[in-house]
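Chemist: TSV, C-alpha atoms and all ligand atoms, file start06.tsv:
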```
chain	number	residue	atom	x	y	z
A	265	MET	CA	4.23	7.51	-17.36
A	266	GLN	CA	0.84	6.66	-18.76
A	267	THR	CA	-2.30	8.33	-17.38
A	268	ILE	CA	-5.73	6.93	-18.18
A	269	ASP	CA	-8.74	8.89	-16.93
A	270	ARG	CA	-12.07	7.14	-16.45
A	271	GLY	CA	-15.54	8.15	-15.37
A	272	SER	CA	-16.72	7.95	-11.79
A	273	ALA	CA	-20.12	7.21	-10.24
A	274	GLY	CA	-19.47	9.86	-7.60
A	275	SER	CA	-17.88	13.22	-6.95
A	276	ALA	CA	-14.51	12.18	-5.49
A	277	ARG	CA	-11.27	12.37	-7.46
A	278	VAL	CA	-9.46	9.10	-6.87
A	279	ALA	CA	-6.34	7.55	-8.38
A	280	ILE	CA	-4.75	4.11	-8.59
A	281	VAL	CA	-1.04	3.86	-9.39
A	282	GLY	CA	0.59	0.69	-10.71
A	283	GLY	CA	4.05	0.06	-12.09
A	284	ILE	CA	5.93	2.14	-9.55
A	285	HIS	CA	8.35	-0.79	-9.61
A	286	GLY	CA	8.88	-2.23	-13.08
A	287	ASP	CA	9.35	-5.80	-11.90
A	288	GLU	CA	5.92	-5.99	-10.26
A	289	PRO	CA	3.59	-6.97	-13.12
A	290	ALA	CA	0.50	-7.33	-10.93
A	291	GLY	CA	0.02	-3.57	-10.60
A	292	VAL	CA	0.28	-3.10	-14.36
A	293	ARG	CA	-2.24	-5.84	-15.10
A	294	ILE	CA	-4.66	-4.54	-12.48
A	295	VAL	CA	-4.53	-1.01	-13.92
A	296	GLU	CA	-5.07	-2.36	-17.44
A	297	ARG	CA	-8.03	-4.44	-16.29
A	298	LEU	CA	-9.61	-1.48	-14.50
A	299	ALA	CA	-9.11	0.68	-17.60
A	300	GLU	CA	-11.23	-1.83	-19.54
A	301	GLU	CA	-13.90	-2.14	-16.87
A	302	LEU	CA	-14.49	1.49	-16.00
A	303	PRO	CA	-16.53	3.78	-18.24
A	304	PRO	CA	-14.72	6.35	-20.39
A	305	LEU	CA	-14.92	9.99	-19.47
A	306	ASP	CA	-17.70	11.48	-21.56
A	307	PRO	CA	-16.06	14.25	-23.62
A	308	ASN	CA	-19.44	15.88	-24.26
A	309	ASP	CA	-20.24	16.00	-20.59
A	310	ASP	CA	-20.25	19.52	-19.17
A	311	ARG	CA	-17.55	18.76	-16.71
A	312	VAL	CA	-16.95	21.07	-13.78
A	313	GLU	CA	-14.10	21.01	-11.31
A	314	SER	CA	-16.13	19.14	-8.72
A	315	ASP	CA	-16.92	16.18	-10.95
A	316	GLY	CA	-15.59	12.84	-9.91
A	317	LEU	CA	-12.77	11.12	-11.74
A	318	VAL	CA	-10.87	7.85	-11.62
A	319	ARG	CA	-7.25	8.34	-12.73
A	320	LEU	CA	-5.27	5.20	-13.53
A	321	ILE	CA	-1.49	5.56	-13.82
A	322	LEU	CA	1.31	3.30	-15.00
A	323	ALA	CA	4.19	5.09	-13.35
A	324	ASN	CA	7.57	3.82	-14.52
A	325	GLU	CA	7.19	2.73	-18.16
A	326	PRO	CA	10.91	2.21	-18.96
A	327	ALA	CA	11.32	-0.02	-15.89
A	328	ILE	CA	8.10	-1.90	-16.76
A	329	ALA	CA	9.42	-2.50	-20.28
A	330	ALA	CA	12.77	-3.68	-18.92
A	331	GLU	CA	11.08	-5.73	-16.14
A	332	THR	CA	13.40	-4.18	-13.56
A	333	ARG	CA	12.53	-2.48	-10.28
A	334	TYR	CA	13.95	0.79	-11.61
A	335	THR	CA	16.30	2.13	-14.25
A	336	ASP	CA	18.38	4.68	-12.30
A	337	ALA	CA	16.93	4.97	-8.79
A	338	ASP	CA	14.12	3.37	-6.80
A	339	LEU	CA	11.09	5.58	-7.58
A	340	ASN	CA	9.54	4.80	-4.20
A	341	ARG	CA	12.66	6.18	-2.48
A	342	ALA	CA	13.01	9.17	-4.80
A	343	PHE	CA	10.23	11.53	-3.65
A	344	PRO	CA	9.85	14.47	-3.80
A	345	GLY	CA	12.43	14.13	-6.55
A	346	ASP	CA	14.05	16.73	-8.77
A	347	ALA	CA	12.76	17.74	-12.20
A	348	ASP	CA	16.33	18.54	-13.31
A	349	SER	CA	17.88	15.27	-12.21
A	350	ASP	CA	19.73	13.10	-14.73
A	351	GLU	CA	18.37	10.06	-12.94
A	352	TYR	CA	15.13	9.00	-14.64
A	353	GLU	CA	13.13	8.18	-11.50
A	354	ARG	CA	14.25	11.32	-9.61
A	355	ALA	CA	12.97	13.41	-12.51
A	356	LEU	CA	9.81	11.29	-12.82
A	357	ALA	CA	8.81	11.72	-9.15
A	358	PRO	CA	7.65	15.37	-9.43
A	359	ARG	CA	5.79	14.60	-12.69
A	360	LEU	CA	3.94	11.76	-10.97
A	361	ALA	CA	3.23	14.00	-7.97
A	362	ALA	CA	1.73	16.62	-10.32
A	363	GLU	CA	-0.63	13.99	-11.78
A	364	LEU	CA	-1.87	13.26	-8.25
A	365	GLU	CA	-2.30	16.84	-7.07
A	366	GLU	CA	-5.52	17.58	-5.20
A	367	PHE	CA	-6.83	14.05	-5.39
A	368	ASP	CA	-9.15	12.91	-2.63
A	369	ALA	CA	-7.71	9.41	-2.38
A	370	VAL	CA	-4.76	7.58	-3.94
A	371	LEU	CA	-3.95	3.86	-3.89
A	372	ALA	CA	-0.42	2.71	-4.82
A	373	LEU	CA	-0.04	-0.94	-5.85
A	374	HIS	CA	2.93	-3.11	-4.87
A	375	THR	CA	3.92	-6.76	-4.60
A	376	SER	CA	6.78	-8.31	-2.63
A	377	HIS	CA	8.75	-11.51	-2.08
A	378	SER	CA	7.15	-11.79	1.31
A	379	ALA	CA	4.47	-14.39	2.03
A	380	PRO	CA	0.83	-13.32	2.19
A	381	PRO	CA	-1.34	-11.97	3.81
A	382	PRO	CA	-1.65	-8.72	1.87
A	383	PHE	CA	-1.54	-5.50	3.90
A	384	ALA	CA	-1.80	-1.73	3.54
A	385	ILE	CA	0.70	1.02	4.40
A	386	PHE	CA	0.12	4.66	5.28
A	387	SER	CA	2.38	7.47	6.43
A	388	ASP	CA	-0.07	10.26	7.22
A	389	LEU	CA	-3.46	9.43	8.73
A	390	THR	CA	-6.26	11.52	7.18
A	391	GLU	CA	-10.01	10.83	7.00
A	392	SER	CA	-9.51	9.68	3.43
A	393	VAL	CA	-6.72	7.32	4.47
A	394	ARG	CA	-8.90	5.90	7.23
A	395	ARG	CA	-11.72	5.35	4.74
A	396	THR	CA	-9.37	3.58	2.34
A	397	VAL	CA	-7.65	1.42	4.93
A	398	THR	CA	-10.80	0.25	6.72
A	399	GLY	CA	-12.48	-0.29	3.34
A	400	LEU	CA	-9.74	-2.52	1.93
A	401	PRO	CA	-9.95	-6.30	2.40
A	402	VAL	CA	-6.87	-6.39	4.65
A	403	ASP	CA	-6.54	-7.12	8.38
A	404	HIS	CA	-3.33	-5.14	8.92
A	405	VAL	CA	-2.00	-1.72	8.04
A	406	VAL	CA	1.59	-0.60	8.58
A	407	ASP	CA	2.05	2.88	9.99
A	408	ALA	CA	5.22	3.95	8.19
A	409	SER	CA	5.26	7.50	9.55
A	410	GLY	CA	8.44	6.78	11.50
A	411	LEU	CA	10.25	5.27	8.52
A	412	ARG	CA	11.34	6.74	5.20
A	413	SER	CA	10.03	10.11	4.02
A	414	THR	CA	10.87	9.52	0.35
A	415	THR	CA	7.97	7.20	-0.56
A	416	LEU	CA	4.83	8.04	-2.53
A	417	ASP	CA	2.58	7.54	0.50
A	418	SER	CA	4.73	9.83	2.66
A	419	THR	CA	4.71	12.59	0.02
A	420	ILE	CA	1.30	12.65	-1.70
A	421	PRO	CA	-1.63	13.48	0.61
A	422	HIS	CA	-4.32	10.82	1.15
A	423	THR	CA	-2.20	8.02	-0.29
A	424	VAL	CA	-2.33	4.42	0.89
A	425	SER	CA	0.04	1.78	-0.46
A	426	ILE	CA	-1.03	-1.84	-0.65
A	427	GLU	CA	1.08	-4.98	-0.87
A	428	VAL	CA	-1.23	-7.24	-2.86
A	429	GLY	CA	0.77	-10.47	-2.77
A	430	ARG	CA	3.80	-12.30	-4.04
A	431	GLN	CA	5.65	-10.76	-6.95
A	432	GLY	CA	4.66	-12.47	-10.21
A	433	SER	CA	1.77	-14.47	-8.77
A	434	GLU	CA	-1.73	-14.69	-10.24
A	435	ALA	CA	-3.11	-14.46	-6.70
A	436	ALA	CA	-1.60	-10.97	-6.41
A	437	VAL	CA	-3.45	-9.84	-9.55
A	438	GLU	CA	-6.77	-11.28	-8.40
A	439	PHE	CA	-6.51	-9.95	-4.87
A	440	GLY	CA	-5.23	-6.56	-5.99
A	441	HIS	CA	-8.06	-6.17	-8.47
A	442	GLU	CA	-10.58	-6.97	-5.77
A	443	ALA	CA	-8.85	-4.51	-3.42
A	444	CYS	CA	-8.97	-1.77	-6.06
A	445	ARG	CA	-12.68	-2.29	-6.57
A	446	ALA	CA	-13.20	-2.04	-2.79
A	447	PHE	CA	-11.16	1.19	-2.82
A	448	LEU	CA	-13.26	2.65	-5.66
A	449	ARG	CA	-16.45	1.57	-3.88
A	450	VAL	CA	-15.69	3.16	-0.51
A	451	HIS	CA	-14.85	6.45	-2.25
A	452	GLY	CA	-18.06	6.34	-4.29
A	453	ALA	CA	-16.36	5.91	-7.67
A	454	ILE	CA	-18.22	2.69	-8.48
A	455	ALA	CA	-21.71	1.82	-7.29
A	456	ASP	CA	-21.90	-1.93	-7.99
A	457	GLU	CA	-22.65	-2.82	-4.36
A	458	PRO	CA	-22.64	-1.08	-0.97
A	459	PRO	CA	-19.16	-0.42	0.48
A	460	THR	CA	-18.11	-2.38	3.54
A	461	PHE	CA	-15.70	-1.40	6.28
A	462	SER	CA	-13.92	-3.20	9.08
A	463	GLU	CA	-11.56	-2.39	11.90
A	464	THR	CA	-7.91	-2.70	10.83
A	465	VAL	CA	-4.98	-3.56	13.10
A	466	VAL	CA	-2.19	-0.94	13.01
A	467	VAL	CA	1.43	-2.07	13.13
A	468	LYS	CA	4.01	0.65	13.49
A	469	GLY	CA	7.18	0.02	11.51
A	470	ASP	CA	10.08	0.02	13.94
A	471	GLU	CA	13.45	-0.88	12.41
A	472	GLU	CA	14.92	-2.83	9.53
A	473	VAL	CA	16.49	-6.19	10.30
A	474	PRO	CA	19.87	-6.47	8.56
A	475	LYS	CA	20.98	-9.46	6.54
A	476	GLY	CA	24.60	-10.59	6.35
A	477	GLY	CA	25.56	-13.53	4.15
A	478	GLY	CA	25.22	-17.25	3.79
A	479	GLU	CA	22.00	-19.26	3.95
A	480	PRO	CA	19.18	-16.93	5.13
A	481	ARG	CA	16.50	-18.42	7.36
A	482	VAL	CA	13.35	-16.59	8.48
A	483	HIS	CA	11.30	-18.27	11.20
A	484	PHE	CA	8.20	-16.06	11.46
A	485	ALA	CA	5.65	-14.82	8.92
A	486	ASN	CA	4.33	-11.30	8.53
A	487	PHE	CA	2.36	-10.08	11.58
A	488	GLU	CA	2.95	-13.33	13.45
A	489	ALA	CA	3.79	-12.56	17.10
A	490	ILE	CA	7.44	-13.37	17.86
A	491	PRO	CA	7.74	-14.73	21.41
A	492	GLU	CA	10.36	-13.12	23.63
A	493	GLY	CA	13.63	-15.04	23.26
A	494	ALA	CA	12.80	-16.55	19.87
A	495	VAL	CA	14.99	-16.11	16.80
A	496	PHE	CA	13.21	-14.15	14.06
A	497	ALA	CA	15.85	-14.67	11.36
A	498	GLU	CA	19.45	-15.78	10.96
A	499	ASP	CA	22.27	-16.36	8.52
A	500	ASP	CA	26.04	-16.86	8.79
A	501	VAL	CA	26.51	-13.33	10.09
A	502	TYR	CA	23.43	-12.56	12.17
A	503	THR	CA	21.22	-14.29	14.69
A	504	HIS	CA	18.28	-11.96	15.35
A	505	ARG	CA	16.94	-13.07	18.71
A	506	VAL	CA	14.01	-10.96	19.89
A	507	GLU	CA	14.58	-9.80	23.45
A	508	GLU	CA	11.39	-7.81	23.99
A	509	PRO	CA	7.68	-8.63	23.77
A	510	GLY	CA	5.26	-7.35	21.15
A	511	LEU	CA	7.35	-7.45	17.98
A	512	VAL	CA	5.94	-8.77	14.67
A	513	PRO	CA	7.67	-9.07	11.29
A	514	ILE	CA	6.78	-6.85	8.32
A	515	LEU	CA	7.83	-7.83	4.77
A	516	ALA	CA	9.65	-10.84	6.18
A	517	SER	CA	11.50	-12.79	3.51
A	518	GLU	CA	14.60	-14.88	3.03
A	519	GLU	CA	15.44	-13.94	-0.55
A	520	GLY	CA	13.38	-10.82	-1.22
A	521	TYR	CA	15.98	-8.22	-0.29
A	522	ASP	CA	19.73	-8.18	-0.54
A	523	ASP	CA	20.38	-6.39	2.71
A	524	ILE	CA	17.43	-6.97	5.06
A	525	PHE	CA	15.23	-9.83	6.27
A	526	GLY	CA	12.37	-7.37	6.62
A	527	MET	CA	11.35	-5.08	9.43
A	528	TYR	CA	10.27	-5.30	13.03
A	529	GLY	CA	6.93	-3.75	13.80
A	530	ARG	CA	4.82	-3.25	16.89
A	531	VAL	CA	1.03	-3.45	17.12
A	532	THR	CA	-0.16	-0.05	18.32
A	533	GLY	CA	-3.93	-0.54	18.08
A	534	ALA	CA	-6.64	-0.39	15.46
A	535	LEU	CA	-8.25	2.04	13.06
A	536	ARG	CA	-12.04	2.21	13.19
A	537	PRO	CA	-14.31	2.67	10.16
A	538	PRO	CA	-15.52	6.15	9.16
A	539	GLY	CA	-18.21	7.38	11.51
A	540	GLU	CA	-17.13	5.06	14.33
A	541	GLY	CA	-15.11	7.23	16.67
A	542	ASP	CA	-12.27	9.67	16.16
A	543	LEU	CA	-9.53	9.74	13.58
A	544	ARG	CA	-6.90	7.98	15.64
A	545	VAL	CA	-5.42	4.62	16.48
A	546	TYR	CA	-7.43	3.01	19.27
A	547	PRO	CA	-5.52	0.76	21.66
A	548	ARG	CA	-6.81	-2.77	21.41
A	549	ASP	CA	-8.45	-4.18	24.53
A	550	ASP	CA	-9.00	-7.79	25.49
A	551	SER	CA	-12.77	-7.55	25.27
A	552	GLU	CA	-12.37	-7.55	21.51
A	553	GLY	CA	-12.75	-10.59	19.34
A	554	THR	CA	-16.52	-10.67	19.23
A	555	GLY	CA	-16.27	-10.03	15.52
A	556	GLU	CA	-18.70	-7.16	15.90
A	557	SER	CA	-16.56	-4.71	14.04
A	558	ASP	CA	-16.21	-6.90	11.00
A	559	GLY	CA	-18.31	-6.68	7.92
A	560	ALA	CA	-20.87	-4.34	6.52
A	561	ARG	CA	-21.87	-2.18	9.41
A	562	ASN	CA	-21.36	1.12	7.79
A	563	GLY	CA	-22.81	1.57	4.35
A	564	ALA	CA	-21.56	5.12	4.15
A	565	ASP	CA	-21.97	6.95	0.89
A	566	ARG	CA	-20.29	9.96	-0.58
B	1	ZN	ZN	6.82	-2.16	-5.27
```
Just give me the structure of the file as structure tokens.

Modeler:
Amino acid sequence: MQTIDRGSAGSARVAIVGGIHGDEPAGVRIVERLAEELPPLDPNDDRVESDGLVRLILANEPAIAAETRYTDADLNRAFPGDADSDEYERALAPRLAAELEEFDAVLALHTSHSAPPPFAIFSDLTESVRRTVTGLPVDHVVDASGLRSTTLDSTIPHTVSIEVGRQGSEAAVEFGHEACRAFLRVHGAIADEPPTFSETVVVKGDEEVPKGGGEPRVHFANFEAIPEGAVFAEDDVYTHRVEEPGLVPILASEEGYDDIFGMYGRVTGALRPPGEGDLRVYPRDDSEGTGESDGARNGADR
């Protein structure tokens, strides 16, 4: 694990974590770029506990070097981990958690084999998470609270994960870098321009869609409404016909995963920007679509 601390324009302690999966180079490149852009911590500064900080982390260095997702176990399925484990990632998990203790906001970078658009993921909705999610340039956020409890975002408070694009693509690096700067901006860590917020559609992760064998075919893209009766995905073993309304795919891909086509999700509503209503998911009503909630309505500072 490599930790790089940088100066902040504000008082919040925020962190960005790349390289959780060693075969996702975008996160590594984004962290390296941010390390060059952000000012160093001034060692002569009379720092007190309350001073702001940007912590940049490259999490799984052996896996990054080997260009594999992990060496012994998937780090993002290994939390809270075990310091005494013989498995590298299980022992790494508590060390990474310690580096992120008492941070005000954490952003974990990922890429996938799924088609764009990029989206965010949270497990535990806090004010900080709301600020991050509605401040990121994404239209959708996956509520993963009903899914696995062994991920970084389900273990470390105030963490949001972001899928920045296709694994290995330049677009993922560019988008992810832009997303990180938006994250730093809404938490006051950089002051290059006013932060902007927008309402974000919440999709609750429902269940994984198993894959069998043979030629995999996926017929719907991420967050695209699957009509009742339509086939979401199929291969020689499975034909996944959707028999109920309101399902959308999450992380849909033909070749991305050995055992699943992705997940079914359900739109539960929307998160509103900080200062616009309560900390909860608001059901979406049909009067929406005026575009009023988009853009720079809330130049909140902190
Ligand atoms: Zn990943």

Chemist: Write out as a list in words each polymer residue (protein, DNA or RNA) that has an atom no more than 8 Å from ligand ZN 1 (chain B), with only C-alpha atoms and all ligand atoms counted.

Modeler: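 Checked against 8 Å with only C-alpha atoms and all ligand atoms; the hits are Gly283, Ile284, His285, Asp287, Glu288, Arg333, Asn340, Leu373, His374, Thr375, Ser376 and Glu427 of chain A.
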
Chemist: Might you pull out every residue within 6 Å of A:Gly533, with all atoms listed in the file counted and same-chain residues fewer than 5 positions away left off, and present them as a ChimeraX atom specification?

Modeler: /A:465-466,545-548

Chemist: I'd like to know which of A:Leu322, A:Ala534, A:Ala453, A:Val393 is closest to A:Arg277, using only C-alpha atoms.

Modeler: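 Once distances to A:Arg277 are computed over only C-alpha atoms, the minimum belongs to A:Ala453.
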
Chemist: Would you mind reading off the distance between atom CA of A:Leu356 and atom CA of A:Asp338, one decimal, in Å?

Modeler: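 Here the two named atoms are 10.8 Å from each other.
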
Chemist: Figure out the distance between atom CA of A:Arg395 and atom CA of A:Ile280, please, to one decimal in Å.

Modeler: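 Separating atom CA of A:Ile280 from atom CA of A:Arg395 is a distance of 15.1 Å.
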
Chemist: Between atom CA of A:Pro344 and atom CA of A:Glu325, what distance in Å does the model show, to one decimal?

Modeler: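 Rounded to one decimal, the two atoms are 18.7 Å apart.
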
Chemist: Might you pull out every residue within 12 Å of A:Gly526, with all atoms listed in the file counted and same-chain residues fewer than 4 positions away left off, and present them as a VMD selection string?

Modeler: chain A and resid 376 to 379 469 to 475 480 to 487 496 to 498 504 512 to 522
